[in-house]
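Participant: Pasting upload_24.cif below, which is mmCIF, C-alpha atoms.
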```cif
data_coords
#
loop_
_atom_site.label_atom_id
_atom_site.label_comp_id
_atom_site.auth_asym_id
_atom_site.auth_seq_id
_atom_site.Cartn_x
_atom_site.Cartn_y
_atom_site.Cartn_z
CA MET A 296 -3.77 46.57 -14.96
CA GLU A 297 -5.33 43.75 -16.95
CA LEU A 298 -9.04 42.85 -16.92
CA ILE A 299 -10.00 39.29 -17.92
CA LEU A 300 -13.68 38.36 -18.21
CA ILE A 301 -13.70 34.66 -17.29
CA SER A 302 -17.50 34.33 -17.53
CA GLU A 303 -20.61 36.45 -17.09
CA SER A 304 -20.34 35.95 -13.35
CA LYS A 305 -16.57 35.99 -12.81
CA LEU A 306 -13.91 38.62 -13.48
CA LYS A 307 -10.14 38.46 -13.02
CA ILE A 308 -8.21 41.68 -12.33
CA MET A 309 -4.42 41.57 -12.54
CA LEU A 310 -2.63 44.40 -10.78
CA THR A 311 1.08 45.05 -11.11
CA ALA A 312 3.28 46.43 -8.33
CA ASP A 313 3.00 49.86 -9.95
CA ASP A 314 -0.80 49.57 -9.98
CA MET A 315 -0.76 48.73 -6.27
CA GLU A 316 1.40 51.77 -5.59
CA ASN A 317 -0.83 54.04 -7.67
CA TYR A 318 -3.89 52.89 -5.75
CA SER A 319 -2.02 53.09 -2.43
CA ILE A 320 -2.83 49.51 -1.44
CA SER A 321 -0.69 46.55 -0.39
CA ASN A 322 -1.27 42.82 -0.02
CA GLU A 323 -0.56 42.95 3.71
CA TYR A 324 -3.43 45.31 4.49
CA LEU A 325 -6.12 44.32 2.02
CA SER A 326 -9.44 44.09 3.84
CA TYR A 327 -12.87 44.94 2.49
CA GLU A 328 -13.77 46.42 5.87
CA LYS A 329 -11.28 49.22 5.26
CA LYS A 330 -12.91 52.22 3.59
CA GLU A 331 -9.83 52.91 1.50
CA THR A 332 -9.85 49.37 0.10
CA ARG A 333 -13.57 49.54 -0.69
CA ARG A 334 -13.05 52.77 -2.62
CA VAL A 335 -10.26 51.17 -4.65
CA PHE A 336 -12.35 48.16 -5.57
CA GLU A 337 -15.31 50.35 -6.46
CA LYS A 338 -13.06 52.20 -8.91
CA LEU A 339 -11.74 48.93 -10.32
CA LEU A 340 -15.24 47.53 -10.79
CA ASP A 341 -16.43 50.75 -12.42
CA GLU A 342 -13.57 50.52 -14.90
CA ALA A 343 -14.29 46.83 -15.48
CA ARG A 344 -17.91 47.63 -16.27
CA GLU A 345 -16.88 50.23 -18.84
CA LYS A 346 -14.24 48.06 -20.53
CA THR A 347 -15.67 44.53 -20.29
CA GLY A 348 -19.38 44.96 -19.50
CA PHE A 349 -18.96 43.13 -16.17
CA ASN A 350 -21.72 44.66 -14.03
CA SER A 351 -21.51 44.07 -10.29
CA THR A 352 -23.90 46.83 -9.22
CA SER A 353 -27.03 44.68 -9.09
CA ASP A 354 -25.55 41.60 -7.36
CA ARG A 355 -23.73 40.72 -4.20
CA ILE A 356 -20.11 39.85 -4.80
CA PHE A 357 -17.34 37.60 -3.51
CA ILE A 358 -13.80 38.98 -3.85
CA GLN A 359 -10.67 36.82 -3.60
CA VAL A 360 -7.18 38.32 -3.67
CA TYR A 361 -3.91 36.45 -4.18
CA PRO A 362 -0.43 38.07 -4.12
CA SER A 363 1.68 37.78 -7.29
CA LYS A 364 5.39 37.09 -7.40
CA ASN A 365 6.05 40.46 -9.03
CA GLY A 366 4.62 42.37 -6.06
CA GLY A 367 1.18 42.83 -7.55
CA CYS A 368 -1.91 40.71 -7.01
CA GLU A 369 -4.64 38.76 -8.78
CA VAL A 370 -8.22 39.64 -7.88
CA TYR A 371 -11.17 37.33 -8.63
CA VAL A 372 -14.65 38.86 -8.42
CA THR A 373 -17.65 36.52 -8.45
CA LEU A 374 -21.31 37.55 -8.61
CA ASN A 375 -24.19 36.01 -6.66
CA CYS A 376 -22.19 34.41 -3.85
CA ASP A 377 -24.24 31.96 -1.78
CA GLU A 378 -21.62 29.95 0.08
CA LYS A 379 -19.80 31.35 3.09
CA GLU A 380 -16.08 30.93 3.52
CA ASN A 381 -13.18 33.25 4.15
CA ASP A 382 -9.82 33.36 2.42
CA GLY A 383 -8.41 35.75 5.00
CA LYS A 384 -7.83 38.58 2.56
CA ILE A 385 -11.08 40.17 1.45
CA ASP A 386 -14.36 39.72 3.23
CA LYS A 387 -17.38 39.18 1.03
CA ARG A 388 -21.04 40.07 1.09
CA THR A 389 -23.39 37.09 0.99
CA LYS A 390 -27.06 36.48 0.41
CA ASP A 391 -29.21 34.77 3.01
CA LYS A 392 -30.19 31.26 2.04
CA SER A 393 -33.86 30.48 1.79
CA PRO A 394 -35.15 27.33 3.53
CA ASN A 395 -36.98 26.54 0.29
CA VAL A 396 -33.82 25.91 -1.71
CA ARG A 397 -31.22 23.18 -1.66
CA ASN A 398 -27.80 22.71 -3.20
CA LYS A 399 -26.94 19.86 -5.51
CA ARG A 400 -23.90 18.99 -7.58
CA GLU A 401 -23.90 18.57 -11.34
CA ASN A 402 -21.14 17.50 -13.70
CA CYS A 403 -19.47 20.01 -15.99
CA LEU A 404 -16.84 19.27 -18.62
CA TYR A 405 -13.96 21.36 -19.97
CA SER A 406 -11.73 20.64 -22.97
CA PHE A 407 -8.14 21.80 -23.45
CA GLU A 408 -5.99 22.04 -26.56
CA ASN A 409 -2.79 21.12 -24.75
CA ILE A 410 -1.58 19.62 -21.50
CA ASP A 411 -0.11 22.90 -20.25
CA ASP A 412 -3.52 24.61 -20.27
CA ALA A 413 -5.02 21.63 -18.45
CA ILE A 414 -2.32 21.77 -15.77
CA SER A 415 -2.81 25.54 -15.38
CA ALA A 416 -6.55 25.03 -14.90
CA CYS A 417 -5.99 22.38 -12.23
CA CYS A 418 -3.44 24.60 -10.49
CA ILE A 419 -5.80 27.54 -10.18
CA LEU A 420 -8.67 25.28 -9.10
CA LYS A 421 -6.49 23.65 -6.46
CA ARG A 422 -5.22 27.02 -5.25
CA ASN A 423 -8.77 28.33 -4.93
CA GLY A 424 -9.89 25.37 -2.84
CA TYR A 425 -11.83 23.22 -5.30
CA ARG A 426 -12.87 20.12 -3.31
CA ASN A 427 -15.50 18.34 -5.43
CA GLU A 428 -14.86 15.21 -7.47
CA SER A 429 -12.74 15.54 -10.59
CA SER A 430 -11.29 13.29 -13.28
CA PHE A 431 -8.99 13.83 -16.26
CA TYR A 432 -9.06 12.26 -19.74
CA SER A 433 -7.19 12.35 -23.04
CA ASP A 434 -8.50 11.62 -26.52
CA LYS A 435 -6.43 11.17 -29.67
CA SER A 436 -9.04 11.75 -32.31
CA ASP A 437 -6.49 11.49 -35.11
CA SER A 438 -2.77 10.90 -35.49
CA ALA A 439 -1.90 14.59 -35.05
CA THR A 440 -4.31 15.83 -32.41
CA VAL A 441 -4.64 15.04 -28.72
CA ARG A 442 -7.28 16.80 -26.65
CA TYR A 443 -7.64 16.75 -22.89
CA TYR A 444 -10.81 16.83 -20.81
CA LEU A 445 -11.40 17.75 -17.18
CA LEU A 446 -14.63 16.57 -15.59
CA LEU A 447 -15.66 18.69 -12.61
CA GLN A 448 -18.68 19.21 -10.38
CA GLU A 449 -20.40 22.53 -9.73
CA GLU A 450 -22.89 23.60 -7.10
CA VAL A 451 -26.42 24.33 -8.30
CA VAL A 452 -29.23 25.78 -6.19
CA GLN A 453 -32.64 24.23 -6.75
CA ASN A 454 -35.90 25.44 -5.20
CA GLN A 455 -38.93 23.35 -4.36
CA GLN A 456 -40.46 24.02 -7.79
CA GLY A 457 -37.44 22.41 -9.44
CA ARG A 458 -36.06 25.62 -10.85
CA LYS A 459 -32.29 25.76 -10.91
CA ARG A 460 -29.83 28.56 -10.77
CA LYS A 461 -26.09 28.32 -10.64
CA SER A 462 -24.43 29.10 -7.36
CA VAL A 463 -20.87 30.35 -7.00
CA SER A 464 -18.74 27.60 -8.46
CA LYS A 465 -14.97 27.36 -8.38
CA SER A 466 -15.21 25.27 -11.55
CA ASP A 467 -15.72 28.53 -13.48
CA LEU A 468 -12.00 29.23 -13.05
CA ALA A 469 -11.28 26.60 -15.71
CA ASN A 470 -12.86 28.92 -18.31
CA GLU A 471 -9.66 30.93 -18.39
CA PHE A 472 -7.70 28.02 -19.87
CA GLY A 473 -10.22 25.72 -21.55
CA LYS A 474 -13.61 25.56 -23.21
CA ARG A 475 -16.73 24.43 -21.42
CA LEU A 476 -18.69 21.72 -23.21
CA SER A 477 -22.38 21.97 -22.39
CA SER A 478 -23.72 19.01 -24.30
CA LYS A 479 -24.47 15.86 -22.32
CA GLU A 480 -23.33 13.87 -25.33
CA TRP A 481 -19.80 15.00 -24.59
CA LEU A 482 -19.94 13.35 -21.20
CA LEU A 483 -20.98 10.09 -22.81
CA TYR A 484 -18.29 10.48 -25.45
CA ILE A 485 -15.36 10.83 -23.07
CA LYS A 486 -16.56 7.99 -20.85
CA GLU A 487 -16.82 5.68 -23.86
CA ARG A 488 -13.98 6.86 -26.10
CA ALA A 489 -11.42 8.82 -24.09
CA ASP A 490 -8.60 7.37 -22.02
CA VAL A 491 -8.63 7.93 -18.27
CA ILE A 492 -5.46 9.60 -17.05
CA VAL A 493 -6.53 10.42 -13.48
CA GLY A 494 -9.78 8.86 -12.35
CA LYS A 495 -10.16 10.55 -8.95
CA ASN A 496 -9.05 13.81 -7.40
CA ALA A 497 -7.58 14.96 -10.70
CA VAL A 498 -7.43 18.62 -9.61
CA ASP A 499 -5.25 17.77 -6.62
CA VAL A 500 -3.05 15.33 -8.53
CA ILE A 501 -2.48 17.44 -11.64
CA GLY A 502 -2.54 20.74 -9.76
CA ALA A 503 0.50 19.56 -7.81
CA LEU A 504 2.50 19.48 -11.04
CA GLY A 505 2.33 23.25 -11.53
#
```
Mind turning this structure into structure tokens?
Facilitator:
Amino acid sequence: MELILISESKLKIMLTADDMENYSISNEYLSYEKKETRRVFEKLLDEAREKTGFNSTSDRIFIQVYPSKNGGCEVYVTLNCDEKENDGKIDKRTKDKSPNVRNKRENCLYSFENIDDAISACCILKRNGYRNESSFYSDKSDSATVRYYLLLQEEVVQNQQGRKRKSVSKSDLANEFGKRLSSKEWLLYIKERADVIVGKNAVDVIGALG
């Protein structure tokens, strides 16, 4: 079993076929409504808390499970889930939305050291159902270095007082392969200096290459 802390709110758990057998679970019968499955995930999350500091005890969670080619599976655990959708594998627990809040989209930018990491990020975003706008850029800052940038949109919840908090965002999955750039100056930089490779629907276009 491998535990990968993608961000403070997202954890990736990679289980091998042997792990699945040890826990007596299979991809065909994974359902959070089953007591046996809940017990397994509680054990996994307890171990994740001890080894990575990922604490899911105080938040509601969204669990996504995808079968691996080797007979194991990849599990994505996200805290503070506000949107409601179902991947058909693991049900999730959601918070009720308040009528005093609204969702809005904000840009977020990721940089990648090589094209393979950028393609991998687009593949996992595409596979997880990312549907917001996206665009892809390259920048050759010197003769030896080429960097790649993926501009995404994430959902943000804003209340009537203007306070914001991040909702569950599939864009977080890009953290596994690239680095998030928080400065607004970076957005201006790539729009002025970088070359546009895919201007629209970059996740779908590049994700199809993987």
Participant: Can you tell me which residues surround Ala343 of chain A at a distance of at most 12 Å, considering all atoms listed in the file, apart from same-chain residues fewer than 6 positions away, and format the answer as a compact mmCIF listing (two decimals) with C-alpha atoms, keeping the file's coordinate frame?
Facilitator:
```txt
# COMPACT_ATOMS: atom_id res chain seq x y z
CA MET A 296 -3.77 46.57 -14.96
CA GLU A 297 -5.33 43.75 -16.95
CA LEU A 298 -9.04 42.85 -16.92
CA ILE A 299 -10.00 39.29 -17.92
CA LEU A 300 -13.68 38.36 -18.21
CA LYS A 305 -16.57 35.99 -12.81
CA LEU A 306 -13.91 38.62 -13.48
CA LYS A 307 -10.14 38.46 -13.02
CA ILE A 308 -8.21 41.68 -12.33
CA MET A 309 -4.42 41.57 -12.54
CA PHE A 336 -12.35 48.16 -5.57
CA GLU A 337 -15.31 50.35 -6.46
CA PHE A 349 -18.96 43.13 -16.17
CA ASN A 350 -21.72 44.66 -14.03
CA SER A 351 -21.51 44.07 -10.29
CA THR A 352 -23.90 46.83 -9.22
CA VAL A 372 -14.65 38.86 -8.42
```
Participant: Quick one: distance from atom CA of Ser430 of chain A to atom CA of Lys495 of chain A in Å, one decimal?
Facilitator: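 Straight-line distance from atom CA of Ser430 of chain A to atom CA of Lys495 of chain A works out to 5.2 Å.
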Participant: Please, what distance in Å, to one decimal, runs between atom CA of Leu420 of chain A and atom CA of Ser466 of chain A?
Facilitator: 7.0 Å
Participant: A:Phe407, A:Tyr444, A:Ile356, A:Tyr318: which is nearest Lys338 of chain A, counting all atoms listed in the file?
Facilitator: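 For Lys338 of chain A, the nearest of the candidates is A:Tyr318.
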Participant: With a distance cut-off of 12 Å and only C-alpha atoms, select the neighbouring residues of Met315 of chain A, excluding the residue or stretch itself and same-chain residues fewer than 4 positions from it, and output the selection as number ranges by chain.
Facilitator: A: 296, 308-311, 319-325, 332, 335-336, 339, 362-363, 365-370
Participant: Just the number, please: distance in Å from atom CA of Phe431 of chain A to atom CA of Asn470 of chain A, one decimal.
Facilitator: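 Calculated distance between atom CA of Phe431 of chain A and atom CA of Asn470 of chain A is 15.7 Å.
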Participant: Pick the closest to Ser478 of chain A from A:Ile358, A:Val498, A:Ile301, A:Leu404: which is it, counting all atoms listed in the file?
Facilitator: A:Leu404
Participant: Evaluating the PyMOL selection byres ((chain A and resi 448) around 10) on the displayed file yields which residues, as a PDB file with C-alpha atoms, in the coordinates of the input?
Facilitator:
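Okay, this is what ended up in expr27.pdb:
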```pdb
ATOM      1  CA  LYS A 399     -26.940  19.860  -5.510  1.00  0.00           C
ATOM      2  CA  ARG A 400     -23.900  18.990  -7.580  1.00  0.00           C
ATOM      3  CA  GLU A 401     -23.900  18.570 -11.340  1.00  0.00           C
ATOM      4  CA  ASN A 402     -21.140  17.500 -13.700  1.00  0.00           C
ATOM      5  CA  CYS A 403     -19.470  20.010 -15.990  1.00  0.00           C
ATOM      6  CA  LEU A 404     -16.840  19.270 -18.620  1.00  0.00           C
ATOM      7  CA  TYR A 425     -11.830  23.220  -5.300  1.00  0.00           C
ATOM      8  CA  ARG A 426     -12.870  20.120  -3.310  1.00  0.00           C
ATOM      9  CA  ASN A 427     -15.500  18.340  -5.430  1.00  0.00           C
ATOM     10  CA  GLU A 428     -14.860  15.210  -7.470  1.00  0.00           C
ATOM     11  CA  SER A 429     -12.740  15.540 -10.590  1.00  0.00           C
ATOM     12  CA  SER A 430     -11.290  13.290 -13.280  1.00  0.00           C
ATOM     13  CA  LEU A 446     -14.630  16.570 -15.590  1.00  0.00           C
ATOM     14  CA  LEU A 447     -15.660  18.690 -12.610  1.00  0.00           C
ATOM     15  CA  GLU A 449     -20.400  22.530  -9.730  1.00  0.00           C
ATOM     16  CA  GLU A 450     -22.890  23.600  -7.100  1.00  0.00           C
ATOM     17  CA  VAL A 451     -26.420  24.330  -8.300  1.00  0.00           C
ATOM     18  CA  SER A 464     -18.740  27.600  -8.460  1.00  0.00           C
ATOM     19  CA  LYS A 465     -14.970  27.360  -8.380  1.00  0.00           C
ATOM     20  CA  SER A 466     -15.210  25.270 -11.550  1.00  0.00           C
TER      21      SER A 466
END
```
Participant: For Ala503 of chain A, list every protein, DNA or RNA residue within 12 Å, evaluated using all atoms listed in the file, and leave out those in the same chain fewer than 6 positions away; present the list as an mmCIF file with C-alpha atoms, in the coordinates of the input.
Facilitator:
```
data_model
loop_
_atom_site.group_PDB
_atom_site.id
_atom_site.type_symbol
_atom_site.label_atom_id
_atom_site.label_comp_id
_atom_site.auth_asym_id
_atom_site.auth_seq_id
_atom_site.Cartn_x
_atom_site.Cartn_y
_atom_site.Cartn_z
ATOM 1 C CA ILE A 414 -2.320 21.770 -15.770
ATOM 2 C CA SER A 415 -2.810 25.540 -15.380
ATOM 3 C CA ALA A 416 -6.550 25.030 -14.900
ATOM 4 C CA CYS A 417 -5.990 22.380 -12.230
ATOM 5 C CA CYS A 418 -3.440 24.600 -10.490
ATOM 6 C CA ILE A 419 -5.800 27.540 -10.180
ATOM 7 C CA LEU A 420 -8.670 25.280 -9.100
ATOM 8 C CA LYS A 421 -6.490 23.650 -6.460
ATOM 9 C CA ARG A 422 -5.220 27.020 -5.250
ATOM 10 C CA ASN A 496 -9.050 13.810 -7.400
ATOM 11 C CA ALA A 497 -7.580 14.960 -10.700
#
```
Participant: Please determine, counting all atoms listed in the file, which residue among A:Ser302, A:Phe472, A:Asp499, A:Asp341 has the shortest atom-to-atom distance to Asn423 of chain A.
Facilitator: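 The shortest atom-to-atom distance to Asn423 of chain A comes from A:Asp499.
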Participant: Identify which of the residues A:Gln359, A:Tyr371, A:Gly348, A:Ile485 lies closest to Tyr405 of chain A, counting all atoms listed in the file when measuring atom-to-atom distances.
Facilitator: A:Ile485
Participant: Choose the residue, out of A:Leu374, A:Tyr484, A:Thr347, A:Leu340, that has the smallest atom-to-atom separation from Ser304 of chain A; count only C-alpha atoms.
Facilitator: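 Smallest distance to Ser304 of chain A is found for A:Leu374.
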Participant: Point out the residue among A:Lys474, A:Leu482, A:Ser406, A:Asp467 with the least atom-to-atom distance to Thr373 of chain A, counting all atoms listed in the file.
Facilitator: A:Asp467
